[in-house]
Every structure is written in structure tokens, then in C-alpha cells.
Amino acid sequence: MAAGPWPRVAPGGTMAIVNPSVDLARWDPEDPERWDKRFAWRTLWITTYNLTLAFCVWYLVSAIAPRLTTIGYDLTDAQLYWLVAVPGLSGGLMRLIYMFLPPIVGTRTLVGGSATLLLLPMLGWTFAVRNVDTPYWVLLLLAAACGVGGGAFSGFMPSTSYFFPRRMAGTALGLQAGLGNFGVSLIQFLTPWVVGFGLLGVTALTPQEKIDGGHMWLHNAGLVLVPWVILGMVLAAVFLRRVPVEANFRQQLDIFRDRHTWYMTAIYLMTFGAFSGFAAQLGLIIKNEYGSFADAPDPLKYAFLGPLVGSATRAAWGPLCDRFGGAVWTFVAGVGMTVSTLVTAFFLSPTSVDQFGPFLIGMLVVFFFAGIGNAGTFKQMPMIFARRQAGGVIGFTSSIAAFGPFLVGMALSAVSPRAFFFGAVVYFAACTVLAWTQYARPGAPRPS
């Protein structure tokens with residue numbers, strides 16, 4: 001097999017970290033003689049570690065926002081929805097930039113530089129929550145800065161796809177995306193715990209006063225992962241190397257002439273757009289729909305469960321997608337998401353807190369099938385497109401789907417949750433038909 005359009009690299013430096021028989025200048029995962037399995041997997045694990053932290057930052061606001069009024073911020077429900085939605089908007093916009101970076105800057109610069117940028121919103125929110133007089137526009141800017149965590153995904157995933165043969169794409173990308181998505185649950189799980197005490201080493205930072213009495217160290221939500229982000233920066237600098245496909249900005253635009261780029265974008269908006277949007281807004285939905293009842297559920301005790309289920313499913317389904325193909329699982333996911341979203345809609349606008357249990361179960365089923373769909377689509381794209389184009393399509397579809405938190409938040413600020421869920425059912429059904437006719441049925445144009 002031809003070596004492919006891999007760039008030449010300077011001698012020395014790179015060869016010491018891989019099998020000496022493998023020349024990174026001629027790197028080709030489809031040729032065992034020019035591929036180093038150990039090097040590929042090490043790259044995946046370091047990139048995935050940083051991606052998990054990136055998702056923590058992207059969803060930092062969703063973990064903080066439900067607690068802002070508790071410490072004295074005077075914000076309406078609509079303002080809180082928008083605050084949580086803004087990282088989705090900025091993350092989607094940043095992904096439109098990140099999608100072009102892997103063939104231009106290389107893996108080490110991409111991952112290490114992104115880790116460095118994560119420190120800005122983490123430290124920004126640390127100081128913002130310490131002053132309830134912080135203007136709303138400042139909070140919006142800090143929320144937008146969290147979008148760098150979402151943008152990273154659109155660069156990290158295509159970059160990782162360069163390191164593995166197509167037969168392993170489902171497993172490798174499923175693991176990276178699934179474990180990376182765990183960052184959503186991680187920050188939402190950690191925050192209720194770490195806001196209850198002063199972190200070792202920063203106890204000089206006084207807690208915030210709660211309006212109903214007591215104290216809260218809400219600034220810890222931004223601080224708790226700072227040392228781990230610094231570790232990610234070091235790992236990227238020491239162990240990662242550049243083995244990208246060559247392509248300038250103009251060459252990468254050829255993906256937009258293929259109609260299947262747009263089909264897969266619509267389908268991935270169904271799977272990851274729903275996952276990211278519901279993950280960002282679930283805490284506020286619980287608060288606004290069930291918060292008025294006696295013994296109302298604490299949103300932050302449940303918000304992390306949906307992303308946890310979806311992330312685990314995505315990671316687990318990668319090998320199944322390698323075995324049976326991605327298209328069939330994408331179709332199964334579409335059917336499951338359509339039905340479960342429809343059922344869950346009937347437990348919104350509740351008349352009793354007893355309806356919370358069925359609502360939560362319904363949401364977890366939605367997340368479960370969204371995870372399957374995320375795994376299926378990421379197996380499909382390396383099979384449908386050529387390697388360099390597949391990286392670009394992965395980046396672009398990820399960019400559009402990253403608007404999920406913004407689109408869901410904007411919709412929920414304009415219409416009732418039940419009306420939004422019914423609209424989602426219609427969209428999910430349409431994408432399910434598209435997945436069947438174009439990819440999953442016998443004789444489909446692009447079976448995968």
C-alpha cells in the first residue's frame with residue numbers, strides 16, 4: 001500500500017519513542033510495517049485524558065449555574081438557561097476552527113495547547129463566583145470561554161483517527177469519545193461534593209454565604225481540576241508527536257461537496273446534539289419542572305447520571321460497531337431515541353413529585369440510545385470517507401452537534417419542555433429514516 005500523503009519530519013527526536021523500525025515520516029496504520037500499535041495506543045490514552053478534562057470545562061457552567069441563586073445571584077430561569085447554553089454556542093463555533101487544525105498544527109501542539117487554554121475559564125469562574133455583584137455579561141463571557149473544552153473534541157478525534165487502521169476505528173474512537181464524555185459526569189458529580197469544604201492548599205479562599213444560611217465553597221468547582229490539567233499539558237509535551245495527514249485549509253473544503261457529509265451531520269446532531277444538549281440542561285429541567293414540590297429532588301444529585309450512561313454506552317459499543325458495522329447501530333439508536341423521548345415527554349409539566357422517577361428513567365434511556373448512536377456514527381465515518389476526508393467530516397459533524405447545549409437551552413427558554421420534547425421526536429424520527437435509507441438497509445448507497 002502506498003505511504004499516503006504523510007509529511008516528512010526532521011530526523012531524531014521522534015524515533016526514540018516508537019518502534020525503531022517505524023518511520024513516522026512514512027506512517028501508515030493500514031500497513032503493519034509502518035505502524036506502531038504501542039505508540040498509537042499511548043497517543044490515544046494521553047489525548048483521551050486531556051479530552052476528559054476538556055469536557056469537564058465545557059460543562060463547568062452546567063454544574064455551577066443551579067447553585068448561583070443559592071449564594072445570592074439575582075438571575076431568572078431564562079438567564080440561567082442562557083448561561084448554560086452559551087458554552088454550547090461557543091463550543092460549536094470553536095469546533096468549526098478546531099476541525100481544520102489536526103493536519104496543520106499536529107497532535108502534540110493541538111493537545112498541549114488546548115490543555116493550556118482550559119486553565120483560563122477554570123480560574124475565571126473560580127474568582128467570579130466569589131463576588132455576587134459580578135455583572136451578568138461577565139458571566140456570559142466566562143461561559144463562552146468554557147467552549148474551548150467543547151471545541152477540542154473536533155480536533156482531538158480526527159487527530160486520533162490518523163493513528164489507527166480502519167478495522168479498529170470503532171473501538172479506538174469509541175473509547176476516546178466515550179471516556180472523554182465522562183468529563184460531563186465527572187464535573188457534575190464532583191461539584192456537589194467539593195463545594196462542601198475548603199480544598200487543601202487553597203483554604204485561604206473564604207466560602208460563599210448561602211442565602212438560607214450556611215456556607216458553600218462554590219469556587220472549588222473551577223479549582224479542583226487545575227492540577228490535573230497541568231499534568232495533561234506535561235504529558236502532551238513529553239509523549240505526543242506529530243504524524244498528521246497533509247492538507248491545507250482549502251484542500252479540506254472538498255468534504256462539503258459530498259452529500260453524505262450533510263447526511264451524517266444531521267444524524268450526529270440527533271445523537272451527540274441530544275446527548276450534549278440534554279446533559280447541559282438536565283439539572284435545570286429537573287429544578288424548573290419538579291422544584292416546586294415538597295421533597296423536590298436535588299438537580300445536582302441526578303444531573304450527572306444521564307451523561308454517565310451515555311458515555312459508558314458509547315465506549316462499550318465501539319467493539320460491537322467494529323464487529324457488526326456502525327450503520328445498523330445508528331439506526332437502532334434512532335428508533336430508541338425517538339420512542340424514549342416521546343414517552344419521557346408525558347412526564348413533563350408534572351402534577352406530582354412521584355412522576356420524577358419515570359421521568360428520570362426515561363431520560364436515562366434517551367442517553368443510553370444516544371451513546372449507541374454516537375458510537376455507530378463514529379464507526380461509519382472512517383468507512384464512508386477516505387482517511388483524510390473522514391477526519392474532516394468527523395470534525396465538521398462534531399462542530400455542528402456541539403451546538404446541542406445552545407440549541408436546547410435556547411428552545412427551553414422559548415417554549416415549554418414538553419413542546420420541545422415533541423419537536424425533538426419529529427427530528428429524531430426523520431434522522432432515523434435517513435440512517436436506514438442511506439446506510440443501514442440492504443443495498444444502501446453507503447453501507448457501513
# chains A, B, ... in the order shown; residues from 1 in each chain; ligands from 1
>>> select_by_dssp(residues="region 21-138 of chain A", states="helix (DSSP H, G or I)", output="PyMOL selection string")
chain A and resi 24-26+32-34+37-58+60-71+77-98+102-105+107-128+136-138
>>> residues_around(residues="Gly91 (chain A)", least_positions_apart="6", cutoff="8 Å", atoms="only C-alpha atoms", output="list in words")
Trp58, Ala144, Cys146, Gly147, Val148, Gly149, Gly150, Gly151, Ser399, Ala402 and Phe403 of chain A
>>> write_last_selection(atoms="C-alpha atoms", output="CSV table (one decimal), in the first residue's frame")
chain,number,residue,atom,x,y,z
A,58,TRP,CA,-17.2,22.6,28.7
A,144,ALA,CA,-18.2,31.4,26.3
A,146,CYS,CA,-15.7,27.3,28.6
A,147,GLY,CA,-16.4,26.5,24.9
A,148,VAL,CA,-12.7,25.7,24.3
A,149,GLY,CA,-13.4,22.4,26.1
A,150,GLY,CA,-16.1,21.5,23.6
A,151,GLY,CA,-14.0,22.8,20.6
A,399,SER,CA,-18.8,21.0,15.3
A,402,ALA,CA,-21.7,20.8,19.7
A,403,PHE,CA,-24.4,23.4,19.3
>>> closest_residue(among="A:Asn181, A:Cys321, A:Ile267, A:Met410", to="Phe367 (chain A)", atoms="only C-alpha atoms")
A:Asn181
>>> residues_around(residues="Asp212 (chain A)", least_positions_apart="6", cutoff="12 Å", atoms="only C-alpha atoms", output="ChimeraX atom specification")
/A:69-72
>>> write_last_selection(atoms="C-alpha atoms", output="mmCIF file, in the first residue's frame")
data_model
loop_
_atom_site.group_PDB
_atom_site.id
_atom_site.type_symbol
_atom_site.label_atom_id
_atom_site.label_comp_id
_atom_site.auth_asym_id
_atom_site.auth_seq_id
_atom_site.Cartn_x
_atom_site.Cartn_y
_atom_site.Cartn_z
ATOM 1 C CA THR A 69 -29.045 31.794 43.141
ATOM 2 C CA THR A 70 -28.292 29.846 46.312
ATOM 3 C CA ILE A 71 -25.356 32.138 47.088
ATOM 4 C CA GLY A 72 -27.206 35.362 46.240
#
>>> residues_around(residues="region 166-173 of chain A", least_positions_apart="2", cutoff="8 Å", atoms="only C-alpha atoms", output="count of residues only")
22
>>> closest_residue(among="A:Val84, A:Ala221, A:Leu434, A:Met233", to="Val129 (chain A)", atoms="only C-alpha atoms")
A:Ala221
>>> closest_residue(among="A:Val328, A:Ala386, A:Leu235, A:Ala143", to="Ile372 (chain A)", atoms="only C-alpha atoms")
A:Val328
>>> residues_around(residues="region 348-361 of chain A", least_positions_apart="3", cutoff="12 Å", atoms="only C-alpha atoms", output="NGL selection string")
:A and (278 or 282-283 or 285-299 or 301-306 or 309 or 340-345 or 364-368 or 416-422)
>>> closest_residue(among="A:Thr265, A:Thr271, A:Thr43, A:Thr397", to="Val238 (chain A)", atoms="only C-alpha atoms")
A:Thr43
>>> residues_around(residues="Ala63 (chain A)", least_positions_apart="3", cutoff="12 Å", atoms="only C-alpha atoms", output="ChimeraX atom specification")
/A:56-60,66-68,80,83-84,125,143,183-195,218-222,279-284,299-304
>>> select_by_dssp(residues="region 186-264 of chain A", states="strand (DSSP E)", output="ChimeraX atom specification")
/A:208-209,215-216
>>> atom_distance(atom1="CA of Gly391 (chain A)", atom2="CA of Phe272 (chain A)")
17.0 Å
>>> atom_distance(atom1="CA of Val408 (chain A)", atom2="CA of Pro307 (chain A)")
15.3 Å
>>> decode(residues="region 286-302 of chain A", atoms="all heavy atoms", output="CSV table (one decimal), in the first residue's frame")
chain,number,residue,atom,x,y,z
A,286,ILE,N,-34.9,19.6,35.7
A,286,ILE,CA,-35.3,19.0,37.0
A,286,ILE,C,-35.7,20.1,37.9
A,286,ILE,O,-36.8,20.0,38.6
A,286,ILE,CB,-34.2,18.1,37.6
A,286,ILE,CG1,-34.0,16.9,36.6
A,286,ILE,CG2,-34.6,17.6,39.0
A,286,ILE,CD1,-32.8,16.0,37.1
A,287,LYS,N,-34.9,21.1,38.1
A,287,LYS,CA,-35.1,22.2,39.0
A,287,LYS,C,-36.4,22.9,38.7
A,287,LYS,O,-37.3,23.2,39.5
A,287,LYS,CB,-34.0,23.2,39.0
A,287,LYS,CG,-34.1,24.4,39.8
A,287,LYS,CD,-32.9,25.3,39.8
A,287,LYS,CE,-33.1,26.6,40.6
A,287,LYS,NZ,-34.0,27.5,40.0
A,288,ASN,N,-36.6,23.2,37.4
A,288,ASN,CA,-37.8,24.0,37.0
A,288,ASN,C,-39.1,23.2,36.9
A,288,ASN,O,-40.2,23.8,37.1
A,288,ASN,CB,-37.5,24.7,35.7
A,288,ASN,CG,-36.4,25.7,35.8
A,288,ASN,OD1,-36.1,26.3,36.8
A,288,ASN,ND2,-35.7,26.0,34.7
A,289,GLU,N,-39.0,21.9,36.6
A,289,GLU,CA,-40.2,21.1,36.4
A,289,GLU,C,-40.6,20.5,37.8
A,289,GLU,O,-41.8,20.4,38.0
A,289,GLU,CB,-39.9,20.0,35.4
A,289,GLU,CG,-39.8,20.5,34.0
A,289,GLU,CD,-41.0,21.1,33.4
A,289,GLU,OE1,-42.0,20.4,33.3
A,289,GLU,OE2,-41.0,22.3,33.1
A,290,TYR,N,-39.7,20.1,38.6
A,290,TYR,CA,-40.0,19.4,39.9
A,290,TYR,C,-39.6,20.2,41.1
A,290,TYR,O,-39.9,19.7,42.2
A,290,TYR,CB,-39.3,18.1,39.9
A,290,TYR,CG,-40.0,17.1,38.9
A,290,TYR,CD1,-39.5,17.0,37.6
A,290,TYR,CD2,-41.0,16.2,39.3
A,290,TYR,CE1,-40.1,16.1,36.7
A,290,TYR,CE2,-41.6,15.4,38.4
A,290,TYR,CZ,-41.1,15.3,37.1
A,290,TYR,OH,-41.7,14.4,36.3
A,291,GLY,N,-39.0,21.4,41.0
A,291,GLY,CA,-38.5,22.1,42.1
A,291,GLY,C,-39.6,22.7,43.0
A,291,GLY,O,-39.3,23.0,44.2
A,292,SER,N,-40.8,22.8,42.5
A,292,SER,CA,-41.9,23.5,43.3
A,292,SER,C,-42.6,22.5,44.3
A,292,SER,O,-43.3,22.9,45.1
A,292,SER,CB,-42.9,24.1,42.4
A,292,SER,OG,-43.5,23.1,41.6
A,293,PHE,N,-42.3,21.2,44.2
A,293,PHE,CA,-42.9,20.2,45.0
A,293,PHE,C,-42.2,20.1,46.4
A,293,PHE,O,-41.0,20.4,46.5
A,293,PHE,CB,-43.0,18.8,44.3
A,293,PHE,CG,-43.8,18.8,43.1
A,293,PHE,CD1,-43.2,18.7,41.9
A,293,PHE,CD2,-45.2,18.9,43.2
A,293,PHE,CE1,-44.0,18.6,40.7
A,293,PHE,CE2,-46.0,18.8,42.0
A,293,PHE,CZ,-45.4,18.7,40.8
A,294,ALA,N,-43.0,19.7,47.4
A,294,ALA,CA,-42.3,19.3,48.6
A,294,ALA,C,-41.5,18.1,48.4
A,294,ALA,O,-41.8,17.2,47.6
A,294,ALA,CB,-43.4,19.0,49.7
A,295,ASP,N,-40.3,18.0,49.1
A,295,ASP,CA,-39.4,17.0,48.9
A,295,ASP,C,-38.9,16.9,47.4
A,295,ASP,O,-38.7,15.8,46.9
A,295,ASP,CB,-40.0,15.6,49.3
A,295,ASP,CG,-40.4,15.5,50.7
A,295,ASP,OD1,-39.7,16.1,51.6
A,295,ASP,OD2,-41.4,14.9,51.0
A,296,ALA,N,-38.7,18.1,46.9
A,296,ALA,CA,-38.2,18.2,45.5
A,296,ALA,C,-36.8,17.5,45.4
A,296,ALA,O,-36.0,17.7,46.2
A,296,ALA,CB,-38.1,19.6,45.0
A,297,PRO,N,-36.5,16.9,44.2
A,297,PRO,CA,-35.2,16.2,44.0
A,297,PRO,C,-34.2,17.3,43.8
A,297,PRO,O,-34.4,18.4,43.2
A,297,PRO,CB,-35.4,15.4,42.8
A,297,PRO,CG,-36.6,16.1,42.1
A,297,PRO,CD,-37.5,16.6,43.1
A,298,ASP,N,-33.0,17.1,44.4
A,298,ASP,CA,-31.8,18.0,44.1
A,298,ASP,C,-31.3,17.7,42.7
A,298,ASP,O,-30.8,16.6,42.4
A,298,ASP,CB,-30.7,17.7,45.2
A,298,ASP,CG,-29.5,18.6,45.1
A,298,ASP,OD1,-29.5,19.4,44.1
A,298,ASP,OD2,-28.7,18.6,46.0
A,299,PRO,N,-31.3,18.7,41.9
A,299,PRO,CA,-30.9,18.5,40.5
A,299,PRO,C,-29.5,18.0,40.3
A,299,PRO,O,-29.2,17.1,39.5
A,299,PRO,CB,-31.0,19.9,39.9
A,299,PRO,CG,-32.0,20.6,40.7
A,299,PRO,CD,-31.8,20.1,42.1
A,300,LEU,N,-28.6,18.5,41.2
A,300,LEU,CA,-27.2,18.1,41.1
A,300,LEU,C,-26.9,16.7,41.5
A,300,LEU,O,-25.8,16.2,41.3
A,300,LEU,CB,-26.3,19.1,41.8
A,300,LEU,CG,-26.2,20.5,41.2
A,300,LEU,CD1,-25.3,21.4,42.0
A,300,LEU,CD2,-25.9,20.5,39.7
A,301,LYS,N,-27.8,16.1,42.2
A,301,LYS,CA,-27.7,14.7,42.6
A,301,LYS,C,-28.0,13.7,41.5
A,301,LYS,O,-27.7,12.5,41.5
A,301,LYS,CB,-28.5,14.4,43.8
A,301,LYS,CG,-28.0,15.0,45.1
A,301,LYS,CD,-28.8,14.6,46.3
A,301,LYS,CE,-28.3,15.2,47.6
A,301,LYS,NZ,-29.1,14.8,48.8
A,302,TYR,N,-28.7,14.2,40.4
A,302,TYR,CA,-29.1,13.4,39.4
A,302,TYR,C,-28.6,13.8,38.0
A,302,TYR,O,-28.6,13.0,37.1
A,302,TYR,CB,-30.7,13.4,39.3
A,302,TYR,CG,-31.3,12.8,40.5
A,302,TYR,CD1,-31.8,13.7,41.5
A,302,TYR,CD2,-31.5,11.5,40.7
A,302,TYR,CE1,-32.4,13.2,42.7
A,302,TYR,CE2,-32.1,11.0,41.9
A,302,TYR,CZ,-32.5,11.8,42.9
A,302,TYR,OH,-33.1,11.3,44.0
